[in-house]
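Structure below is structure.csv: CSV, C-alpha atoms.
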chain,number,residue,atom,x,y,z
N,1,MET,CA,104.9,-8.5,176.5
N,2,LEU,CA,103.8,-10.2,173.3
N,3,SER,CA,101.7,-13.4,173.6
N,4,ALA,CA,102.9,-16.6,172.0
N,5,ARG,CA,100.4,-16.4,169.2
N,6,SER,CA,101.2,-12.7,168.4
N,7,LYS,CA,104.7,-13.8,167.4
N,8,HIS,CA,103.2,-15.9,164.6
N,9,LYS,CA,102.6,-14.5,161.1
N,10,VAL,CA,100.0,-16.1,159.0
N,11,VAL,CA,99.2,-15.6,155.3
N,12,VAL,CA,95.6,-16.2,154.3
N,13,LEU,CA,95.4,-17.2,150.6
N,14,GLY,CA,92.0,-16.2,149.2
N,15,ALA,CA,89.7,-13.3,149.8
N,16,GLY,CA,86.3,-14.9,149.4
N,17,VAL,CA,84.0,-15.1,152.4
N,18,ILE,CA,85.9,-18.1,153.9
N,19,GLY,CA,89.3,-16.5,153.6
N,20,LEU,CA,88.2,-13.1,154.9
N,21,THR,CA,86.4,-14.6,157.9
N,22,CYS,CA,89.4,-16.8,158.8
N,23,ALA,CA,91.7,-13.8,158.5
N,24,LEU,CA,89.5,-11.6,160.8
N,25,SER,CA,89.2,-14.4,163.3
N,26,LEU,CA,93.0,-14.9,163.4
N,27,VAL,CA,93.6,-11.1,163.8
N,28,GLU,CA,91.1,-11.0,166.7
N,29,ARG,CA,93.1,-13.8,168.4
N,30,GLY,CA,96.3,-11.7,168.1
N,31,TYR,CA,98.0,-13.2,165.0
N,32,ILE,CA,99.8,-11.0,162.4
N,33,VAL,CA,97.9,-11.6,159.2
N,34,HIS,CA,98.5,-10.9,155.5
N,35,VAL,CA,95.9,-11.7,152.9
N,36,ILE,CA,96.8,-12.6,149.3
N,37,ALA,CA,94.2,-13.2,146.6
N,38,ARG,CA,93.7,-13.1,142.9
N,39,ASP,CA,90.2,-11.7,143.3
N,40,LEU,CA,89.4,-9.0,145.9
N,41,PRO,CA,86.1,-8.1,147.6
N,42,GLU,CA,85.9,-5.0,145.4
N,43,ASP,CA,85.7,-7.2,142.3
N,44,THR,CA,81.9,-7.5,142.5
N,45,ASP,CA,81.5,-8.3,138.8
N,46,SER,CA,84.2,-10.9,138.7
N,47,GLN,CA,83.0,-14.5,137.8
N,48,SER,CA,86.4,-15.8,138.9
N,49,PHE,CA,85.2,-16.5,142.4
N,50,ALA,CA,81.9,-17.3,143.9
N,51,SER,CA,81.5,-14.9,146.8
N,52,PRO,CA,79.9,-11.9,145.0
N,53,TRP,CA,77.1,-14.1,143.5
N,54,ALA,CA,75.9,-16.0,146.5
N,55,GLY,CA,72.4,-15.9,148.0
N,56,ALA,CA,74.2,-15.8,151.4
N,57,ASN,CA,71.4,-17.1,153.6
N,58,ILE,CA,71.4,-20.0,156.1
N,59,CYS,CA,69.4,-23.1,155.2
N,60,PRO,CA,71.0,-26.5,156.3
N,61,PHE,CA,71.2,-29.3,153.7
N,62,LYS,CA,72.8,-32.1,155.6
N,63,SER,CA,71.8,-34.1,158.6
N,64,ILE,CA,74.1,-34.4,161.7
N,65,GLU,CA,74.9,-38.0,160.7
N,66,ASP,CA,75.9,-37.0,157.2
N,67,GLY,CA,77.7,-33.8,158.1
N,68,PRO,CA,78.4,-33.3,161.9
N,69,ARG,CA,81.1,-30.7,161.2
N,70,GLU,CA,78.8,-28.8,158.9
N,71,ALA,CA,76.1,-28.8,161.5
N,72,ASN,CA,78.5,-27.3,164.1
N,73,TRP,CA,79.7,-24.8,161.5
N,74,GLU,CA,76.2,-23.6,160.7
N,75,THR,CA,75.2,-23.4,164.3
N,76,ALA,CA,78.1,-21.2,165.1
N,77,THR,CA,77.6,-19.0,162.0
N,78,TYR,CA,73.9,-18.5,162.6
N,79,LYS,CA,74.7,-17.2,166.1
N,80,LYS,CA,77.5,-14.9,164.8
N,81,ILE,CA,75.6,-13.4,161.8
N,82,SER,CA,72.5,-12.8,164.0
N,83,GLU,CA,74.7,-10.3,165.9
N,84,PHE,CA,74.8,-8.2,162.7
N,85,ILE,CA,71.1,-7.7,162.3
N,86,PRO,CA,70.8,-4.5,164.5
N,87,SER,CA,73.5,-2.8,162.2
N,88,GLY,CA,71.6,-3.7,159.0
N,89,LEU,CA,74.4,-5.8,157.7
N,90,ALA,CA,72.2,-8.9,158.1
N,91,ILE,CA,68.4,-9.2,157.7
N,92,ALA,CA,66.0,-11.4,159.6
N,93,LEU,CA,63.7,-13.4,157.4
N,94,LYS,CA,60.8,-15.9,157.6
N,95,GLY,CA,61.9,-19.0,155.8
N,96,THR,CA,60.0,-21.8,154.1
N,97,ARG,CA,61.5,-25.0,152.7
N,98,ARG,CA,59.5,-27.5,150.6
N,99,PHE,CA,60.7,-30.8,149.1
N,100,VAL,CA,59.6,-34.1,147.6
N,101,ARG,CA,57.9,-36.4,150.0
N,102,THR,CA,60.6,-38.2,152.0
N,103,GLU,CA,61.3,-38.0,155.7
N,104,GLU,CA,65.0,-37.9,155.0
N,105,GLU,CA,64.6,-34.4,153.7
N,106,PHE,CA,63.8,-33.2,157.2
N,107,LEU,CA,67.5,-33.9,158.2
N,108,GLY,CA,66.4,-35.3,161.5
N,109,HIS,CA,65.1,-31.8,162.4
N,110,TRP,CA,68.5,-31.1,163.9
N,111,TYR,CA,68.4,-27.3,163.5
N,112,LYS,CA,65.0,-26.9,165.1
N,113,ASP,CA,66.8,-25.6,168.3
N,114,VAL,CA,69.1,-23.4,166.3
N,115,MET,CA,66.7,-21.4,164.1
N,116,PRO,CA,63.7,-19.9,165.9
N,117,ASN,CA,60.0,-20.8,165.2
N,118,TYR,CA,60.8,-24.1,163.5
N,119,ARG,CA,57.8,-26.1,162.6
N,120,ARG,CA,56.6,-28.7,160.1
N,121,LEU,CA,54.3,-27.3,157.4
N,122,GLU,CA,50.7,-28.6,157.1
N,123,LYS,CA,49.7,-30.5,154.0
N,124,SER,CA,47.7,-27.5,152.9
N,125,GLU,CA,50.8,-25.4,152.9
N,126,CYS,CA,52.7,-27.6,150.4
N,127,PRO,CA,52.2,-28.7,146.9
N,128,GLU,CA,50.5,-32.1,146.5
N,129,GLY,CA,53.0,-34.9,147.4
N,130,ALA,CA,55.4,-32.6,149.1
N,131,LEU,CA,56.6,-31.9,152.7
N,132,GLY,CA,58.1,-28.8,154.2
N,133,VAL,CA,59.2,-26.8,157.2
N,134,SER,CA,59.3,-23.2,158.2
N,135,PHE,CA,61.7,-21.3,160.4
N,136,ASP,CA,63.3,-18.0,161.0
N,137,THR,CA,66.5,-17.4,159.0
N,138,LEU,CA,68.7,-14.6,157.9
N,139,SER,CA,70.8,-13.4,155.0
N,140,VAL,CA,73.4,-10.9,154.1
N,141,ASN,CA,74.1,-8.9,151.0
N,142,ALA,CA,77.0,-11.0,149.7
N,143,PRO,CA,79.3,-8.4,148.0
N,144,LYS,CA,78.7,-5.7,150.7
N,145,TYR,CA,79.2,-8.2,153.5
N,146,CYS,CA,82.6,-9.3,152.0
N,147,GLN,CA,83.6,-5.6,151.7
N,148,TYR,CA,82.7,-5.1,155.3
N,149,LEU,CA,84.9,-8.0,156.3
N,150,ALA,CA,87.7,-6.5,154.2
N,151,ASN,CA,87.3,-3.1,155.6
N,152,GLU,CA,87.4,-4.5,159.2
N,153,LEU,CA,90.7,-6.2,158.3
N,154,ARG,CA,92.2,-3.1,156.8
N,155,ARG,CA,91.1,-1.1,159.8
N,156,LYS,CA,93.0,-3.5,162.0
N,157,GLY,CA,96.1,-3.1,159.9
N,158,VAL,CA,95.9,-6.1,157.6
N,159,THR,CA,97.2,-5.7,154.1
N,160,ILE,CA,95.0,-7.4,151.4
N,161,GLU,CA,97.3,-7.9,148.4
N,162,ARG,CA,96.3,-8.8,144.9
N,163,ARG,CA,98.6,-11.5,143.6
N,164,TYR,CA,98.3,-14.5,141.3
N,165,VAL,CA,99.8,-17.5,143.0
N,166,ARG,CA,100.9,-20.6,141.0
N,167,ASP,CA,102.6,-22.6,143.7
N,168,ILE,CA,101.7,-22.8,147.4
N,169,GLU,CA,105.4,-22.5,148.3
N,170,GLU,CA,105.4,-18.9,146.9
N,171,VAL,CA,103.2,-17.9,149.8
N,172,PHE,CA,105.7,-18.9,152.5
N,173,GLY,CA,108.1,-16.3,151.2
N,174,CYS,CA,105.9,-13.4,152.4
N,175,PHE,CA,107.1,-11.3,155.4
N,176,GLY,CA,110.5,-12.5,154.6
N,177,GLY,CA,109.4,-16.1,155.3
N,178,VAL,CA,106.4,-17.4,157.3
N,179,GLY,CA,105.6,-20.8,158.7
N,180,MET,CA,101.8,-20.9,158.3
N,181,VAL,CA,99.4,-20.4,155.4
N,182,VAL,CA,95.7,-20.7,155.4
N,183,ASN,CA,94.6,-22.0,152.0
N,184,ALA,CA,91.1,-20.7,151.3
N,185,THR,CA,91.3,-20.7,147.5
N,186,GLY,CA,88.1,-22.4,146.6
N,187,LEU,CA,88.2,-23.7,143.0
N,188,GLY,CA,91.8,-22.5,142.9
N,189,ALA,CA,92.9,-25.5,145.0
N,190,LYS,CA,92.5,-27.6,141.9
N,191,SER,CA,95.3,-25.9,140.0
N,192,ILE,CA,97.7,-24.5,142.5
N,193,ALA,CA,100.9,-26.5,142.5
N,194,GLY,CA,101.6,-28.1,145.9
N,195,VAL,CA,97.8,-28.5,146.5
N,196,ASP,CA,96.6,-30.0,143.1
N,197,ASP,CA,93.3,-31.2,144.6
N,198,GLN,CA,91.5,-33.0,141.8
N,199,ALA,CA,88.5,-33.6,144.0
N,200,VAL,CA,87.6,-29.9,143.7
N,201,ARG,CA,84.7,-29.3,141.3
N,202,PRO,CA,82.4,-26.4,140.3
N,203,ILE,CA,78.7,-26.4,140.8
N,204,ARG,CA,77.3,-23.8,138.4
N,205,GLY,CA,74.5,-21.6,139.6
N,206,GLN,CA,72.5,-19.1,137.6
N,207,THR,CA,70.4,-16.5,139.4
N,208,VAL,CA,68.5,-13.3,138.7
N,209,LEU,CA,69.0,-10.3,141.0
N,210,ILE,CA,65.8,-8.3,141.3
N,211,LYS,CA,64.5,-5.3,143.2
N,212,SER,CA,61.7,-6.2,145.6
N,213,ASP,CA,60.5,-5.6,149.2
N,214,CYS,CA,59.9,-9.3,149.7
N,215,LEU,CA,61.0,-10.5,153.1
N,216,ARG,CA,60.3,-14.2,152.9
N,217,CYS,CA,63.0,-16.7,152.0
N,218,THR,CA,61.6,-19.7,150.0
N,219,MET,CA,63.5,-22.8,149.1
N,220,ASP,CA,61.5,-25.2,146.9
N,221,SER,CA,62.5,-28.6,145.5
N,222,SER,CA,59.0,-30.1,145.5
N,223,ASP,CA,59.2,-30.4,141.7
N,224,PRO,CA,62.0,-32.8,140.9
N,225,ASN,CA,62.2,-31.3,137.4
N,226,SER,CA,62.5,-27.6,138.5
N,227,SER,CA,63.9,-26.3,141.8
N,228,ALA,CA,63.9,-22.7,142.8
N,229,TYR,CA,64.7,-20.4,145.6
N,230,ILE,CA,64.0,-16.8,146.7
N,231,ILE,CA,66.4,-15.1,149.0
N,232,PRO,CA,65.8,-11.5,150.1
N,233,ARG,CA,68.9,-9.6,151.3
N,234,PRO,CA,69.5,-6.2,152.9
N,235,GLY,CA,69.0,-3.2,150.6
N,236,GLY,CA,65.7,-4.2,149.0
N,237,GLU,CA,67.3,-6.8,146.7
N,238,VAL,CA,66.2,-10.4,146.1
N,239,ILE,CA,68.1,-13.3,144.6
N,240,CYS,CA,66.0,-15.7,142.5
N,241,GLY,CA,67.7,-18.9,141.6
N,242,GLY,CA,67.3,-22.6,140.8
N,243,SER,CA,70.2,-24.3,139.1
N,244,TYR,CA,72.8,-26.8,140.3
N,245,GLY,CA,75.2,-27.8,137.5
N,246,VAL,CA,77.8,-30.1,138.9
N,247,ASP,CA,81.1,-30.0,136.9
N,248,ASP,CA,79.7,-27.3,134.7
N,249,TRP,CA,82.2,-24.5,134.0
N,250,ASP,CA,80.0,-22.5,131.7
N,251,LEU,CA,79.9,-18.8,132.8
N,252,SER,CA,77.4,-17.6,130.1
N,253,VAL,CA,73.9,-16.6,131.0
N,254,SER,CA,71.0,-18.7,129.6
N,255,PRO,CA,68.0,-16.4,128.9
N,256,SER,CA,65.6,-19.3,128.8
N,257,HIS,CA,66.9,-20.6,132.1
N,258,ALA,CA,66.5,-17.1,133.6
N,259,THR,CA,62.9,-17.1,132.4
N,260,ARG,CA,62.2,-20.5,134.0
N,261,ILE,CA,63.7,-19.3,137.3
N,262,LEU,CA,61.6,-16.2,137.4
N,263,SER,CA,58.4,-18.1,136.4
N,264,HIS,CA,58.9,-20.6,139.1
N,265,CYS,CA,59.8,-18.0,141.7
N,266,LEU,CA,56.7,-16.0,140.8
N,267,ARG,CA,54.5,-19.0,141.4
N,268,LEU,CA,56.1,-19.4,144.8
N,269,ASP,CA,55.7,-15.8,145.8
N,270,PRO,CA,53.8,-13.3,143.6
N,271,SER,CA,55.0,-10.4,145.8
N,272,ILE,CA,58.4,-10.4,143.9
N,273,SER,CA,56.5,-8.7,141.1
N,274,ARG,CA,54.8,-5.2,141.1
N,275,ASP,CA,51.7,-6.6,139.4
N,276,GLY,CA,52.0,-10.4,139.7
N,277,THR,CA,53.4,-10.8,136.2
N,278,LEU,CA,56.8,-11.6,134.8
N,279,GLU,CA,56.9,-8.2,133.2
N,280,GLY,CA,56.3,-6.6,136.6
N,281,ILE,CA,59.5,-8.0,138.0
N,282,GLU,CA,62.2,-5.4,138.3
N,283,ILE,CA,65.4,-7.1,137.1
N,284,ILE,CA,68.8,-5.7,138.2
N,285,ARG,CA,71.0,-8.2,136.5
N,286,ASP,CA,71.5,-11.9,135.6
N,287,ASN,CA,74.3,-13.7,137.4
N,288,VAL,CA,76.3,-16.9,136.9
N,289,GLY,CA,78.7,-18.1,139.5
N,290,LEU,CA,80.6,-21.4,140.2
N,291,ARG,CA,80.2,-22.7,143.7
N,292,PRO,CA,83.5,-24.2,144.9
N,293,SER,CA,82.6,-27.8,145.9
N,294,ARG,CA,84.6,-30.9,146.5
N,295,SER,CA,83.5,-34.5,145.7
N,296,SER,CA,85.0,-35.9,148.9
N,297,GLY,CA,83.5,-33.1,151.1
N,298,PRO,CA,84.9,-29.9,152.6
N,299,ARG,CA,88.6,-29.8,153.4
N,300,VAL,CA,89.3,-28.2,156.7
N,301,GLU,CA,92.6,-29.7,158.0
N,302,SER,CA,96.2,-28.9,158.5
N,303,GLU,CA,99.1,-30.3,156.4
N,304,THR,CA,102.8,-30.1,157.0
N,305,ILE,CA,104.9,-29.7,153.9
N,306,LYS,CA,108.6,-29.5,153.1
N,307,LEU,CA,109.8,-26.2,151.8
N,308,GLU,CA,113.0,-25.6,149.9
N,309,ALA,CA,115.0,-22.4,150.2
N,310,GLY,CA,114.4,-20.4,147.1
N,311,GLY,CA,111.3,-22.4,146.0
N,312,ARG,CA,110.9,-25.6,144.0
N,313,GLU,CA,113.5,-24.6,141.5
N,314,SER,CA,116.3,-24.1,144.0
N,315,PRO,CA,119.1,-26.7,143.8
N,316,ILE,CA,119.1,-29.4,146.4
N,317,ARG,CA,122.5,-31.1,147.1
N,318,VAL,CA,122.6,-34.6,148.4
N,319,THR,CA,125.7,-35.5,150.4
N,320,LYS,CA,127.5,-38.9,150.2
N,321,THR,CA,125.6,-39.9,153.3
N,322,GLY,CA,122.3,-39.2,151.6
N,323,GLU,CA,121.6,-36.0,153.6
N,324,ARG,CA,119.7,-33.3,151.7
N,325,ARG,CA,121.2,-29.8,151.8
N,326,GLY,CA,119.7,-26.6,150.5
N,327,GLY,CA,117.8,-25.0,153.3
N,328,GLU,CA,114.8,-27.3,153.6
N,329,ARG,CA,112.3,-26.5,156.3
N,330,GLU,CA,108.8,-27.3,157.3
N,331,GLY,CA,105.7,-25.2,156.7
N,332,THR,CA,102.0,-25.7,157.8
N,333,VAL,CA,99.1,-25.3,155.4
N,334,VAL,CA,95.7,-25.1,157.0
N,335,HIS,CA,93.2,-25.9,154.3
N,336,ALA,CA,89.7,-24.4,154.3
N,337,TYR,CA,87.9,-25.0,151.0
N,338,GLY,CA,85.4,-27.2,149.2
N,339,VAL,CA,82.2,-26.1,151.0
N,340,GLY,CA,80.2,-25.7,147.8
N,341,PRO,CA,77.1,-23.5,148.2
N,342,ALA,CA,77.5,-23.3,152.0
N,343,GLY,CA,80.3,-20.7,152.3
N,344,TYR,CA,78.4,-18.0,154.0
N,345,GLN,CA,76.3,-20.2,156.2
N,346,GLN,CA,79.4,-22.1,157.5
N,347,SER,CA,82.0,-19.3,157.4
N,348,TRP,CA,82.3,-18.5,161.1
N,349,GLY,CA,82.2,-22.1,162.2
N,350,ILE,CA,85.0,-23.0,159.7
N,351,ALA,CA,87.0,-20.0,160.9
N,352,GLU,CA,86.8,-21.3,164.5
N,353,ASP,CA,88.2,-24.6,163.4
N,354,VAL,CA,90.9,-22.9,161.3
N,355,VAL,CA,92.0,-20.8,164.3
N,356,GLY,CA,92.2,-24.0,166.4
N,357,LEU,CA,94.4,-25.7,163.7
N,358,VAL,CA,96.7,-22.7,163.5
N,359,GLU,CA,97.0,-22.5,167.3
N,360,GLU,CA,97.9,-26.2,167.4
N,361,ALA,CA,100.5,-25.7,164.7
N,362,ALA,CA,101.9,-22.7,166.6
N,363,ARG,CA,102.2,-24.8,169.8
N,364,THR,CA,103.9,-27.6,167.9
N,365,SER,CA,106.4,-25.3,166.2
N,366,GLY,CA,107.2,-23.7,169.6
N,367,LYS,CA,107.9,-27.1,171.1
N,368,LYS,CA,110.3,-27.9,168.2
N,369,ARG,CA,112.2,-24.7,168.7
N,370,GLU,CA,112.5,-25.3,172.4
N,371,SER,CA,113.8,-28.8,171.8
N,372,LYS,CA,116.6,-27.4,169.6
N,373,LEU,CA,117.8,-25.0,172.3
Reformat the file's structure so that it appears as structure tokens.
Amino acid sequence: MLSARSKHKVVVLGAGVIGLTCALSLVERGYIVHVIARDLPEDTDSQSFASPWAGANICPFKSIEDGPREANWETATYKKISEFIPSGLAIALKGTRRFVRTEEEFLGHWYKDVMPNYRRLEKSECPEGALGVSFDTLSVNAPKYCQYLANELRRKGVTIERRYVRDIEEVFGCFGGVGMVVNATGLGAKSIAGVDDQAVRPIRGQTVLIKSDCLRCTMDSSDPNSSAYIIPRPGGEVICGGSYGVDDWDLSVSPSHATRILSHCLRLDPSISRDGTLEGIEIIRDNVGLRPSRSSGPRVESETIKLEAGGRESPIRVTKTGERRGGEREGTVVHAYGVGPAGYQQSWGIAEDVVGLVEEAARTSGKKRESKL
């Protein structure tokens, strides 16, 4: 006999790391899932979505007071992705984080019990006037990890369909009509009719992908005029970065900025070069991606919307008593977007919350059906 949840069909809109993780979590809970996206995990050179370009490591940036949900999401994700280390899908790293001298940057040390071997750095381990911590962290190879998630979904019978969606109501027409949609569209949430979230904003990031055996993750903002990070990932590749352009939609590569990034990263860790020089760094490619952020913080919540049979253009008749006729019904949208640069490090925690919201909507719709019988 089918469980209550297996009777519910859910469309996940978006095939970045958040959408794919939510889809896989729903499938594993027994839901029938269909994924629709403009950009697919195989589009590893596409700049239209952020997932192929991410450093994809875990390094918290908010205190529990500023982001209690984010802390829970990162705790759950660290535990889950750690399970992928034996398979080689994730890699364990020694991590170092340095920043300008202010105790607030320590974030209350909330993740000291989440990430092993956490400790404050000695003054001798930091640039003058800076503080820092070290801890064990991990990373994944962003494009390969997303392809793994997609392959798992397909193996479980999920269709991942390429489609450009202009209006959220279009999605409810899938499967001959569904009642629940997970909206994991990232920056797309700004322009999709029915969502139109103008709080969504890009954070431009330029990185350089290099070949290296480096196994230390370094995050450095000790120089207020020049931040940089080094993130090794499985496969002998390393992401070198250091830009954070809020509201910057420019997708072109700046050669001078790439040189600044590599120069700073080389100072942080000379092992990224064969001979300790810029010329000794083996560059694979330059990358520019837009992190899908939101000025009012991540949006992970459900919304009930009114649907009109045939879509927004269908005629709606109003009777003399004021009753609307035309097949209007309700649909639930579970939003999951706006996490900025934290998509990978919060993905499994967000997926847990999304599953909870979907299950709550399923219970509510079931009670409504029963009340009509």
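Minimum atom-to-atom distance to Leu138 in chain N, evaluated using only C-alpha atoms, belongs to N:Phe84 out of N:Phe61, N:Phe84, N:Tyr118, N:Trp53.
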(request) Calculate how many Å separate CA of Val17 in chain N from CA of Ala342 in chain N, rounding to one decimal. (result) 10.5 Å
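Each of N:Leu268, N:Val300, N:Leu89, N:Ile283 was compared to Arg216 in chain N using only C-alpha atoms, and N:Leu268 turns out to be the nearest.
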(message) Can you tell me which residues surround Leu187 in chain N at a distance of at most 6 Å, considering all atoms listed in the file, apart from same-chain residues fewer than 2 positions away, and format the answer as a PyMOL selection string?
(response) chain N and resi 189-190+292
(request) Can you work out the spacing between CA of Val195 in chain N and CA of Ile305 in chain N in Å, to one decimal? (result) 10.3 Å
(message) I'd like the contact shell of Val238 in chain N - 9 Å cut-off, only C-alpha atoms, skipping same-chain residues fewer than 5 positions apart - returned as a PyMOL selection string.
(response) chain N and resi 55+208-215+230-233+272
Please dump the current selection as an mmCIF file, in the frame of the given file; keep C-alpha atoms.
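Okay, this is what ended up in part_12.cif:
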data_model
loop_
_atom_site.group_PDB
_atom_site.id
_atom_site.type_symbol
_atom_site.label_atom_id
_atom_site.label_comp_id
_atom_site.auth_asym_id
_atom_site.auth_seq_id
_atom_site.Cartn_x
_atom_site.Cartn_y
_atom_site.Cartn_z
ATOM 1 C CA GLY N 55 72.400 -15.900 148.000
ATOM 2 C CA VAL N 208 68.500 -13.300 138.700
ATOM 3 C CA LEU N 209 69.000 -10.300 141.000
ATOM 4 C CA ILE N 210 65.800 -8.300 141.300
ATOM 5 C CA LYS N 211 64.500 -5.300 143.200
ATOM 6 C CA SER N 212 61.700 -6.200 145.600
ATOM 7 C CA ASP N 213 60.500 -5.600 149.200
ATOM 8 C CA CYS N 214 59.900 -9.300 149.700
ATOM 9 C CA LEU N 215 61.000 -10.500 153.100
ATOM 10 C CA ILE N 230 64.000 -16.800 146.700
ATOM 11 C CA ILE N 231 66.400 -15.100 149.000
ATOM 12 C CA PRO N 232 65.800 -11.500 150.100
ATOM 13 C CA ARG N 233 68.900 -9.600 151.300
ATOM 14 C CA ILE N 272 58.400 -10.400 143.900
#
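Straight-line separation from CA of Val10 in chain N to CA of Gly194 in chain N: 17.8 Å.
Closest to Glu279 in chain N among N:Ala130, N:Gly242, N:Ser263, N:Arg291 is N:Ser263, based on only C-alpha atoms.
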(message) Between N:Ser46, N:Thr21, N:Asn183, N:Ser134, which residue has the minimum interatomic distance to Asp220 in chain N, considering all atoms listed in the file?
(response) N:Ser134
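Compared by their closest atoms to Ala90 in chain N, and using all atoms listed in the file, the residues N:Cys265, N:Val288, N:Tyr78, N:Leu357 rank with N:Tyr78 nearest.
Nearest to Ile192 in chain N of all the residues N:Leu307, N:Val355, N:Met219, N:Val171 is N:Val171, based on all atoms listed in the file.
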(request) Do a neighbour search on range 172-176 of chain N at 10 Å with all atoms listed in the file, toss out local chain neighbours closer than 4 positions, and write the hits as a ChimeraX atom specification. (result) /N:9-11,33-34,36,168,180-181,307,309-311,331-333
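Taking only C-alpha atoms, the non-local environment of Lys156 in chain N within 12 Å (same-chain residues fewer than 2 positions away omitted) comprises N:Ala23, N:Leu24, N:Ser25, N:Leu26, N:Val27, N:Glu28, N:Gly30, N:Tyr31, N:Ile32, N:Val33, N:His34, N:Leu149, N:Ala150, N:Asn151, N:Glu152, N:Leu153, N:Arg154, N:Val158, N:Thr159, N:Ile160.
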